[in-house]
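Trainee: Pasting a structure below so you can have a look.
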Amino acid sequence: MPTSHADGLGVTPPEQFKVPAGFDVELIHQVDSGNQGSWVSLTVDPKGRLIACDQNGGLFRIDVSTSPAQVEKLDIEFVGAQGLLCAFGSLYANVNSRSFPSGLWRLTDTNGDDQYDTKEHIVPLNGGSEHGPHGLILTPDGKRIVMVAGNNTTLPDTIDHSRVPRNWDEDHLLGRMPDARGHNANRMAPGGFIMSLDPDGKNRELIATGFRNPYDIALNHDGELFTYDADMEWDVGTPWYRPTRVNHVLSGAEFGWRNGTGKWPAYYPDSFGAAVDIGPGSPTGICFGYNADFPQRYRDALFIADWSFGNIYAVHLSEDGASYSGDYETFATAAPLPVTDMVIHEGAMYLTIGGRETQSGLYRIAFTGSLDAYSAEDAGEQPETETASGGAAVLDDDKLQASSLRVLRGQIEALHVDDADLPIDAEAATSMALEFLSHEDPAIRFASRIALEHRDLDLWKSQVLASDSARTRLLGVIALARCGEASDQSEAMASLLELDFDSLSTSNQIAYLRAAGLVAMRLGKPNDQQRAELIDAISDAFPSDVDSLDRELAIMLVSLQAPGSTAAVLEKLLSSPSQESQIHYAMTLREASEGWDDDLRRRYLGWFHDMATARGGMSFGGFVQNIKNAFVDRLSDEQRQQFAAAIQPPAPSAEAAPSEARPFVKQWTVDELVDTVSDATQQPDFEKGRTLFGAAQCFKCHRMGLQGGILGPDLTSAGGKFNIHDMLVSVIEPSKVISDQYGATQFLTEDGEVITGRVINMRGKTLVVLTNMLDPSSLTDIDRNNIAETSTARVSMMPTGLLDTLTKDEIVDLVAYLRSGGNSESPIYTESAGSEN
């Protein structure tokens, strides 16, 4: 039902929340903007009261045991804590402010009057940007503090210990380009970081780096650390955009944030990827549901808050070898719902909304339904296996294996220290790292390489360079490139060139290319003989039709100026179905110096003209223009004059009718297609299906494997979730069932204007609404004081008619491609094309 707002849109009403059955939402306190500001952090004090901090003001204590809740401003001058923690008899506050010294503060009540009266600045840090010092928690043993900071925070002057090898760098073989709008253009590695420290702020240990802007951190029951990291929403539509993601924070890990175009892809062996990719958003507070009086499924969940789109997700993590993977669901959503922080307290979830001077509030989400209504399957509970004596349950084989792998990983991570702090001698530590460098589990491999990089080169260099294991040799060369000197270049390159590239697995081929690139960047460029041997080793592999591998092959071939590489990469650019893959190859070719002729230059410049209708985030157009500018700047004056028409093509006249890429065929219905598409005798064409996925504009919003956009649901696993009928319904009748995660809100203004879209940003009284999924920069500002009514939109933001330019046979190919998950080896292509899933 619509909700009317007599005096504009105030605090979001509890009745506008969508939560699972059995959960209730209660507004505990509507924050007085004039006197209490906008709350961005939350913690529980030893007496069970909540403490919140205003982003631009002071600290507030809330007694939620009374009705209404009692709120008092604490009698101490303090501003801008974006992380709070009560521990060791003090209140710790991580300040990120332009008006108050940033960094970690310790507040103490010295006279027992229930007011904090002293404050100590125990870890000074730079702040003021929203990418500053953030969340605080205790270590698993409760003896130390863990803190997280965004990429605009410089590491403190003193780091006593570092689990991250102190050898970080930018590491881009063809360079990178800064953000087209100048954001963070001068911020370099190591980016955002997580560190631990003693209660007095000393004995600081760096745990992990390479984050963009994680706001909060949380530990699971096994003491494993997690965070929810952001990416630059202005980059949507580009290959360097990474969806917001849940990271399992390993010891010594690097997560690959670099500014502008430079983010490392998750498939790099020296960057640890995501446990769960979420999608576009703005990560803020996170917490596990432990101690909540919720059904088991939600007690075990990691709750993560998306500030911009107004969602709280329940992430269901599962053991995946020595690390974790999982899935997620929308737990709570409303528009707007700028959630800033969450805590579990007295069996319920308490959450604050606010930030950027928006209307703030404190809510409680409690489970009041029947636990019996949640079946064991729905709750995520697994039936217990009794022992022969009828005693305690035992873990199944998969859990036992995962547990043992985590133990092994922990033993290797204990080696992520200086020699003086090792639990074993340095030679034994080196042997252990070498033993597990080729392990099948990626987290074990990652931990082993980090352990190796902490040891003296003389203990391991010769062993990795001569290893019979291709994986050990490749990861060892990566470690050598990161730790070695120019004098190591020839040995490192010779070790790589001894491997047969064509016989390697895809992951090892990517590692080979990364290792060769790091050697070139850090130890020295290949000499003529090495260059010739590298070209000979890899040139026949391109294109491979494996997206990640082809991207890295293109970079290496262009870097080596391999004969024919410019023409080959340009062909790959023009034939790639996804917008982001095309931009990757265009970015690669900006530096190409081999083999250009007039025809290739004209075709390359023509691509930029074709891209004029493409859409992306706020920096998208600027990035594309800057890539073009980089290429044009390398042309001679004579060439710029020769290709003037291609460099600056005439703008289309206002009267000219837009050209239609494909003619209209028919307005299809589900009933007209379901039998044909389900026909088991059909022989679908995988490549054609992938091309049609692009022609139907699906890549603009949806991801398939490693390709595509992220504004709509990831379709990689859609074939395993939907049968053919339901898949056709989703495409042809998108408004029939609308996911909460991708739903829109309809705003009726006092002026009678109706605006439909998703709230993606807020500041003060202004809501920023995305109104067109195909154009992420299509934004409308709404004054919340001018909103008369809000309601859930009944029309999907996914456009209709996407199949209307396709023939029936083409739709067969497209649906088969969708059901394959973008994998030509899927049973959909090797068995029956029409079987139901």
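Following the order of the structure tokens, chains are lettered A, B, ..., residues in each are numbered from 1, and ligands are numbered from 1.
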Please produce, as a Markdown table, a per-residue contact table for stretch 269-336 of chain A versus stretch 204-215 of chain A (criterion: any atom at most 7 Å away, only C-alpha atoms considered), showing the nearest atom pair and its distance in Å to one decimal, sorted by chain then residue number.
Mentor:
```
| residue | atom | partner | partner_atom | distance |
| --- | --- | --- | --- | --- |
| A:Pro283 | CA | A:Tyr215 | CA | 6.5 |
| A:Thr284 | CA | A:Tyr215 | CA | 4.9 |
| A:Gly285 | CA | A:Tyr215 | CA | 6.2 |
```
Trainee: DSSP on the backbone, then: every residue of stretch 344-497 of chain A marked strand (DSSP E or B), written as a PDB file with N, CA and C atoms, in the first residue's frame.
Mentor:
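Writing the result to states15.pdb gives the following:
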```pdb
ATOM      1  N   ILE A 344      23.770  -7.047  17.252  1.00  0.00           N
ATOM      2  CA  ILE A 344      22.831  -8.009  17.830  1.00  0.00           C
ATOM      3  C   ILE A 344      22.851  -7.787  19.329  1.00  0.00           C
ATOM      4  N   HIS A 345      21.675  -7.558  19.907  1.00  0.00           N
ATOM      5  CA  HIS A 345      21.584  -7.217  21.330  1.00  0.00           C
ATOM      6  C   HIS A 345      20.261  -7.719  21.877  1.00  0.00           C
ATOM      7  N   ALA A 348      17.825  -9.481  19.464  1.00  0.00           N
ATOM      8  CA  ALA A 348      17.274  -8.777  18.301  1.00  0.00           C
ATOM      9  C   ALA A 348      18.400  -8.043  17.567  1.00  0.00           C
ATOM     10  N   MET A 349      18.073  -7.570  16.378  1.00  0.00           N
ATOM     11  CA  MET A 349      18.998  -6.730  15.619  1.00  0.00           C
ATOM     12  C   MET A 349      18.607  -5.276  15.813  1.00  0.00           C
ATOM     13  N   TYR A 350      19.566  -4.459  16.236  1.00  0.00           N
ATOM     14  CA  TYR A 350      19.373  -3.021  16.304  1.00  0.00           C
ATOM     15  C   TYR A 350      20.177  -2.390  15.162  1.00  0.00           C
ATOM     16  N   LEU A 351      19.581  -1.445  14.486  1.00  0.00           N
ATOM     17  CA  LEU A 351      20.254  -0.825  13.351  1.00  0.00           C
ATOM     18  C   LEU A 351      19.977   0.661  13.316  1.00  0.00           C
ATOM     19  N   THR A 352      20.971   1.376  12.822  1.00  0.00           N
ATOM     20  CA  THR A 352      20.817   2.812  12.627  1.00  0.00           C
ATOM     21  C   THR A 352      20.781   3.117  11.133  1.00  0.00           C
ATOM     22  N   ILE A 353      20.030   4.130  10.780  1.00  0.00           N
ATOM     23  CA  ILE A 353      20.109   4.701   9.438  1.00  0.00           C
ATOM     24  C   ILE A 353      20.557   6.145   9.586  1.00  0.00           C
ATOM     25  N   GLY A 361      17.579   7.311  12.232  1.00  0.00           N
ATOM     26  CA  GLY A 361      16.661   6.615  13.125  1.00  0.00           C
ATOM     27  C   GLY A 361      17.299   5.353  13.667  1.00  0.00           C
ATOM     28  N   LEU A 362      16.765   4.856  14.769  1.00  0.00           N
ATOM     29  CA  LEU A 362      17.206   3.602  15.385  1.00  0.00           C
ATOM     30  C   LEU A 362      16.038   2.629  15.354  1.00  0.00           C
ATOM     31  N   TYR A 363      16.279   1.424  14.825  1.00  0.00           N
ATOM     32  CA  TYR A 363      15.223   0.421  14.668  1.00  0.00           C
ATOM     33  C   TYR A 363      15.635  -0.881  15.366  1.00  0.00           C
ATOM     34  N   ARG A 364      14.615  -1.687  15.650  1.00  0.00           N
ATOM     35  CA  ARG A 364      14.839  -3.037  16.162  1.00  0.00           C
ATOM     36  C   ARG A 364      14.101  -4.021  15.260  1.00  0.00           C
ATOM     37  N   ILE A 365      14.809  -5.067  14.810  1.00  0.00           N
ATOM     38  CA  ILE A 365      14.177  -6.149  14.062  1.00  0.00           C
ATOM     39  C   ILE A 365      14.220  -7.392  14.941  1.00  0.00           C
ATOM     40  N   ALA A 366      13.071  -7.903  15.256  1.00  0.00           N
ATOM     41  CA  ALA A 366      12.963  -9.067  16.139  1.00  0.00           C
ATOM     42  C   ALA A 366      12.149 -10.155  15.462  1.00  0.00           C
ATOM     43  N   PHE A 367      12.428 -11.392  15.848  1.00  0.00           N
ATOM     44  CA  PHE A 367      11.638 -12.512  15.338  1.00  0.00           C
ATOM     45  C   PHE A 367      10.538 -12.822  16.338  1.00  0.00           C
TER      46      PHE A 367
END
```
Trainee: So that I can see what lies close to stretch 810-815 of chain A, please list as number ranges by chain the residues with an atom at most 6 Å from it, counting only C-alpha atoms and leaving out residues fewer than 6 positions away in the same chain.
Mentor: A: 677, 684-685, 689
Trainee: Rank nothing, just name the residue among A:Arg784, A:His454, A:Arg819, A:Lys808 nearest to A:Arg166, using only C-alpha atoms.
Mentor: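 The shortest atom-to-atom distance to A:Arg166 comes from A:His454.
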Trainee: How far is it from atom CA of A:Val768 to atom CA of A:Pro799, in Å with one decimal?
Mentor: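 We find that atom CA of A:Val768 and atom CA of A:Pro799 lie 20.7 Å from each other.
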Trainee: Let's see if you can do this: from backbone DSSP, list all alpha helix (DSSP H) residues in stretch 252-487 of chain A, as an MDAnalysis selection string.
Mentor: chainID A and resid 296:299 397:413 426:435 442:453 461:465 470:483
Trainee: So that I can see what lies close to A:Gly355, please list as an MDAnalysis selection string the residues with an atom at most 7 Å from it, counting only C-alpha atoms and leaving out residues fewer than 4 positions away in the same chain.
Mentor: chainID A and resid 38:40 55 340
Trainee: For those residues, write N, CA and C atoms to a file as a compact mmCIF listing (two decimals), in the first residue's frame.
Mentor:
```txt
# COMPACT_ATOMS: atom_id res chain seq x y z
N SER A 38 23.07 12.83 12.64
CA SER A 38 22.80 11.68 11.78
C SER A 38 23.79 10.58 12.17
N TRP A 39 23.28 9.46 12.69
CA TRP A 39 24.10 8.45 13.36
C TRP A 39 24.73 7.49 12.36
N VAL A 40 26.03 7.21 12.59
CA VAL A 40 26.75 6.36 11.63
C VAL A 40 27.45 5.16 12.27
N GLN A 55 27.74 11.56 12.64
CA GLN A 55 28.84 11.71 11.71
C GLN A 55 29.56 13.05 11.89
N THR A 340 23.55 2.35 8.45
CA THR A 340 24.95 2.66 8.74
C THR A 340 25.62 1.62 9.62
```
Trainee: Write out as an mmCIF file with N, CA and C atoms, in the first residue's frame which residues come within 7 Å of stretch 41-44 of chain A when counting only C-alpha atoms, dropping same-chain ones fewer than 4 positions away.
Mentor:
```cif
data_model
loop_
_atom_site.group_PDB
_atom_site.id
_atom_site.type_symbol
_atom_site.label_atom_id
_atom_site.label_comp_id
_atom_site.auth_asym_id
_atom_site.auth_seq_id
_atom_site.Cartn_x
_atom_site.Cartn_y
_atom_site.Cartn_z
ATOM 1 N N GLY A 48 24.599 -2.773 28.846
ATOM 2 C CA GLY A 48 23.552 -3.145 27.911
ATOM 3 C C GLY A 48 22.905 -1.983 27.202
ATOM 4 N N ARG A 49 23.477 -0.802 27.321
ATOM 5 C CA ARG A 49 22.950 0.358 26.602
ATOM 6 C C ARG A 49 23.668 0.488 25.259
ATOM 7 N N LEU A 50 23.012 1.116 24.313
ATOM 8 C CA LEU A 50 23.631 1.361 23.023
ATOM 9 C C LEU A 50 24.332 2.710 23.041
ATOM 10 N N ILE A 51 25.422 2.813 22.308
ATOM 11 C CA ILE A 51 26.107 4.086 22.104
ATOM 12 C C ILE A 51 26.203 4.311 20.595
ATOM 13 N N ALA A 52 25.795 5.495 20.168
ATOM 14 C CA ALA A 52 25.844 5.866 18.760
ATOM 15 C C ALA A 52 26.631 7.153 18.610
ATOM 16 N N CYS A 53 27.143 7.381 17.405
ATOM 17 C CA CYS A 53 27.862 8.625 17.141
ATOM 18 C C CYS A 53 27.295 9.298 15.900
ATOM 19 N N ALA A 81 32.898 9.572 15.029
ATOM 20 C CA ALA A 81 33.390 8.196 15.132
ATOM 21 C C ALA A 81 32.614 7.299 14.177
ATOM 22 N N GLN A 82 33.310 6.657 13.246
ATOM 23 C CA GLN A 82 32.672 5.718 12.331
ATOM 24 C C GLN A 82 32.940 4.273 12.736
ATOM 25 N N GLY A 83 33.510 4.083 13.904
ATOM 26 C CA GLY A 83 33.658 2.769 14.503
ATOM 27 C C GLY A 83 33.676 2.938 16.011
ATOM 28 N N LEU A 84 32.917 2.129 16.732
ATOM 29 C CA LEU A 84 32.836 2.196 18.193
ATOM 30 C C LEU A 84 33.011 0.801 18.769
ATOM 31 N N LEU A 85 33.655 0.714 19.939
ATOM 32 C CA LEU A 85 33.854 -0.568 20.606
ATOM 33 C C LEU A 85 34.056 -0.325 22.094
ATOM 34 N N CYS A 86 33.235 -0.971 22.918
ATOM 35 C CA CYS A 86 33.435 -0.956 24.363
ATOM 36 C C CYS A 86 34.278 -2.165 24.742
ATOM 37 N N THR A 340 23.554 2.349 8.451
ATOM 38 C CA THR A 340 24.954 2.663 8.739
ATOM 39 C C THR A 340 25.617 1.616 9.622
ATOM 40 N N ASP A 341 24.904 1.066 10.600
ATOM 41 C CA ASP A 341 25.534 0.088 11.481
ATOM 42 C C ASP A 341 24.463 -0.808 12.086
ATOM 43 N N MET A 342 24.906 -1.984 12.557
ATOM 44 C CA MET A 342 24.004 -2.983 13.126
ATOM 45 C C MET A 342 24.714 -3.685 14.279
ATOM 46 N N VAL A 343 23.947 -4.048 15.307
ATOM 47 C CA VAL A 343 24.453 -4.903 16.387
ATOM 48 C C VAL A 343 23.362 -5.889 16.763
#
```
Trainee: Grab the atom CA of A:Ile782 to atom CA of A:Gly310 distance for me, in Å with one decimal place.
Mentor: 16.0 Å
Trainee: Ranking A:Gly132, A:Gly752, A:Pro563, A:Gly694 by minimum distance to A:Leu803 and counting only C-alpha atoms, which one comes first?
Mentor: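 So, comparing all the options, the nearest one is A:Gly694.
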Trainee: What lies within 10 Å of stretch 229-232 of chain A using only C-alpha atoms, ignoring chain neighbours under 6 positions off, as a PDB file with N, CA and C atoms, in the first residue's frame?
Mentor:
```pdb
ATOM      1  N   GLY A 150      39.633   2.727   5.097  1.00  0.00           N
ATOM      2  CA  GLY A 150      39.488   2.814   3.649  1.00  0.00           C
ATOM      3  C   GLY A 150      40.758   3.300   2.963  1.00  0.00           C
ATOM      4  N   ASP A 179      41.011   7.795 -12.513  1.00  0.00           N
ATOM      5  CA  ASP A 179      39.585   8.033 -12.707  1.00  0.00           C
ATOM      6  C   ASP A 179      39.372   9.247 -13.601  1.00  0.00           C
ATOM      7  N   HIS A 183      38.857  11.224  -9.216  1.00  0.00           N
ATOM      8  CA  HIS A 183      38.706  10.668  -7.868  1.00  0.00           C
ATOM      9  C   HIS A 183      39.898   9.787  -7.513  1.00  0.00           C
ATOM     10  N   GLY A 192      43.185   0.395   1.125  1.00  0.00           N
ATOM     11  CA  GLY A 192      42.591   0.179   2.427  1.00  0.00           C
ATOM     12  C   GLY A 192      43.228  -0.996   3.140  1.00  0.00           C
ATOM     13  N   PHE A 211      42.196  -3.111  -0.072  1.00  0.00           N
ATOM     14  CA  PHE A 211      40.754  -2.851  -0.047  1.00  0.00           C
ATOM     15  C   PHE A 211      40.469  -1.463  -0.621  1.00  0.00           C
ATOM     16  N   ARG A 212      39.214  -1.267  -1.013  1.00  0.00           N
ATOM     17  CA  ARG A 212      38.807   0.074  -1.436  1.00  0.00           C
ATOM     18  C   ARG A 212      38.248   0.842  -0.242  1.00  0.00           C
ATOM     19  N   ASN A 213      37.089   0.425   0.260  1.00  0.00           N
ATOM     20  CA  ASN A 213      36.513   1.153   1.385  1.00  0.00           C
ATOM     21  C   ASN A 213      35.576   0.271   2.205  1.00  0.00           C
ATOM     22  N   PRO A 214      36.103  -0.768   2.841  1.00  0.00           N
ATOM     23  CA  PRO A 214      35.250  -1.556   3.749  1.00  0.00           C
ATOM     24  C   PRO A 214      34.956  -0.739   5.002  1.00  0.00           C
ATOM     25  N   TYR A 215      33.716  -0.804   5.474  1.00  0.00           N
ATOM     26  CA  TYR A 215      33.293   0.024   6.603  1.00  0.00           C
ATOM     27  C   TYR A 215      33.343  -0.732   7.925  1.00  0.00           C
ATOM     28  N   ASP A 216      33.245  -2.060   7.848  1.00  0.00           N
ATOM     29  CA  ASP A 216      33.107  -2.817   9.086  1.00  0.00           C
ATOM     30  C   ASP A 216      33.708  -4.206   8.901  1.00  0.00           C
ATOM     31  N   ILE A 217      33.927  -4.897   9.997  1.00  0.00           N
ATOM     32  CA  ILE A 217      34.526  -6.219  10.009  1.00  0.00           C
ATOM     33  C   ILE A 217      33.806  -7.085  11.031  1.00  0.00           C
ATOM     34  N   TRP A 240      36.950  -2.777 -15.226  1.00  0.00           N
ATOM     35  CA  TRP A 240      37.626  -2.668 -13.930  1.00  0.00           C
ATOM     36  C   TRP A 240      36.634  -2.440 -12.787  1.00  0.00           C
ATOM     37  N   TYR A 241      35.345  -2.344 -13.107  1.00  0.00           N
ATOM     38  CA  TYR A 241      34.369  -2.297 -12.006  1.00  0.00           C
ATOM     39  C   TYR A 241      34.262  -3.676 -11.370  1.00  0.00           C
ATOM     40  N   ARG A 242      34.315  -3.712 -10.034  1.00  0.00           N
ATOM     41  CA  ARG A 242      34.107  -4.948  -9.313  1.00  0.00           C
ATOM     42  C   ARG A 242      32.878  -4.767  -8.432  1.00  0.00           C
ATOM     43  N   PRO A 243      31.926  -5.692  -8.480  1.00  0.00           N
ATOM     44  CA  PRO A 243      30.750  -5.547  -7.625  1.00  0.00           C
ATOM     45  C   PRO A 243      31.145  -5.524  -6.163  1.00  0.00           C
ATOM     46  N   THR A 244      30.333  -4.882  -5.323  1.00  0.00           N
ATOM     47  CA  THR A 244      30.590  -4.959  -3.893  1.00  0.00           C
ATOM     48  C   THR A 244      30.659  -6.433  -3.513  1.00  0.00           C
ATOM     49  N   ARG A 245      31.507  -6.751  -2.539  1.00  0.00           N
ATOM     50  CA  ARG A 245      31.782  -8.154  -2.317  1.00  0.00           C
ATOM     51  C   ARG A 245      32.160  -8.426  -0.869  1.00  0.00           C
ATOM     52  N   VAL A 246      31.819  -9.616  -0.431  1.00  0.00           N
ATOM     53  CA  VAL A 246      32.225 -10.086   0.888  1.00  0.00           C
ATOM     54  C   VAL A 246      33.582 -10.756   0.742  1.00  0.00           C
ATOM     55  N   ASN A 247      34.554 -10.290   1.519  1.00  0.00           N
ATOM     56  CA  ASN A 247      35.897 -10.850   1.477  1.00  0.00           C
ATOM     57  C   ASN A 247      36.184 -11.654   2.741  1.00  0.00           C
ATOM     58  N   PHE A 255      44.060  -7.685  -1.724  1.00  0.00           N
ATOM     59  CA  PHE A 255      42.781  -7.799  -2.418  1.00  0.00           C
ATOM     60  C   PHE A 255      42.697  -6.949  -3.678  1.00  0.00           C
ATOM     61  N   TRP A 257      42.933  -3.663  -4.749  1.00  0.00           N
ATOM     62  CA  TRP A 257      42.448  -2.342  -5.149  1.00  0.00           C
ATOM     63  C   TRP A 257      43.614  -1.494  -5.653  1.00  0.00           C
ATOM     64  N   ASN A 259      43.849   2.470  -8.024  1.00  0.00           N
ATOM     65  CA  ASN A 259      42.948   3.542  -8.443  1.00  0.00           C
ATOM     66  C   ASN A 259      42.666   3.491  -9.939  1.00  0.00           C
ATOM     67  N   GLY A 260      41.595   4.182 -10.333  1.00  0.00           N
ATOM     68  CA  GLY A 260      41.233   4.292 -11.740  1.00  0.00           C
ATOM     69  C   GLY A 260      40.973   2.952 -12.394  1.00  0.00           C
ATOM     70  N   LYS A 263      42.292  -1.726 -10.893  1.00  0.00           N
ATOM     71  CA  LYS A 263      41.943  -2.824  -9.992  1.00  0.00           C
ATOM     72  C   LYS A 263      42.412  -4.161 -10.546  1.00  0.00           C
ATOM     73  N   ALA A 274      36.831 -12.738  -3.932  1.00  0.00           N
ATOM     74  CA  ALA A 274      35.674 -12.581  -3.054  1.00  0.00           C
ATOM     75  C   ALA A 274      35.122 -13.933  -2.627  1.00  0.00           C
ATOM     76  N   ASP A 277      30.144 -12.323  -4.304  1.00  0.00           N
ATOM     77  CA  ASP A 277      29.901 -11.062  -4.996  1.00  0.00           C
ATOM     78  C   ASP A 277      28.451 -10.655  -4.769  1.00  0.00           C
ATOM     79  N   ILE A 278      28.249  -9.384  -4.422  1.00  0.00           N
ATOM     80  CA  ILE A 278      26.900  -8.917  -4.089  1.00  0.00           C
ATOM     81  C   ILE A 278      26.285  -8.125  -5.230  1.00  0.00           C
ATOM     82  N   GLY A 279      26.995  -7.138  -5.762  1.00  0.00           N
ATOM     83  CA  GLY A 279      26.417  -6.291  -6.801  1.00  0.00           C
ATOM     84  C   GLY A 279      26.620  -4.834  -6.437  1.00  0.00           C
ATOM     85  N   PRO A 280      25.968  -3.918  -7.151  1.00  0.00           N
ATOM     86  CA  PRO A 280      26.160  -2.499  -6.862  1.00  0.00           C
ATOM     87  C   PRO A 280      25.625  -2.151  -5.485  1.00  0.00           C
ATOM     88  N   GLY A 281      26.274  -1.203  -4.837  1.00  0.00           N
ATOM     89  CA  GLY A 281      25.827  -0.793  -3.508  1.00  0.00           C
ATOM     90  C   GLY A 281      26.883   0.050  -2.827  1.00  0.00           C
ATOM     91  N   SER A 282      26.672   0.272  -1.538  1.00  0.00           N
ATOM     92  CA  SER A 282      27.575   1.090  -0.732  1.00  0.00           C
ATOM     93  C   SER A 282      27.695   0.438   0.638  1.00  0.00           C
ATOM     94  N   PRO A 283      28.689  -0.438   0.840  1.00  0.00           N
ATOM     95  CA  PRO A 283      28.789  -1.214   2.081  1.00  0.00           C
ATOM     96  C   PRO A 283      28.998  -0.357   3.322  1.00  0.00           C
ATOM     97  N   THR A 284      28.259  -0.719   4.374  1.00  0.00           N
ATOM     98  CA  THR A 284      28.471  -0.079   5.684  1.00  0.00           C
ATOM     99  C   THR A 284      28.585  -1.191   6.731  1.00  0.00           C
ATOM    100  N   ASP A 306      23.792  -2.372   2.912  1.00  0.00           N
ATOM    101  CA  ASP A 306      24.031  -1.593   1.697  1.00  0.00           C
ATOM    102  C   ASP A 306      23.342  -0.242   1.881  1.00  0.00           C
ATOM    103  N   GLY A 617      28.524   4.180 -15.611  1.00  0.00           N
ATOM    104  CA  GLY A 617      28.505   5.099 -14.485  1.00  0.00           C
ATOM    105  C   GLY A 617      29.002   6.484 -14.856  1.00  0.00           C
ATOM    106  N   MET A 618      29.141   7.340 -13.830  1.00  0.00           N
ATOM    107  CA  MET A 618      29.439   8.745 -14.074  1.00  0.00           C
ATOM    108  C   MET A 618      30.795   8.955 -14.754  1.00  0.00           C
ATOM    109  N   SER A 619      31.742   8.054 -14.544  1.00  0.00           N
ATOM    110  CA  SER A 619      33.065   8.198 -15.171  1.00  0.00           C
ATOM    111  C   SER A 619      33.176   7.450 -16.485  1.00  0.00           C
TER     112      SER A 619
END
```
Trainee: Give me, as a PyMOL selection string, all polymer residues having an atom no more than 8 Å from A:Gln579, counting only C-alpha atoms and skipping those fewer than 4 positions away in the same chain.
Mentor: chain A and resi 237-238+583+614+699-700+708
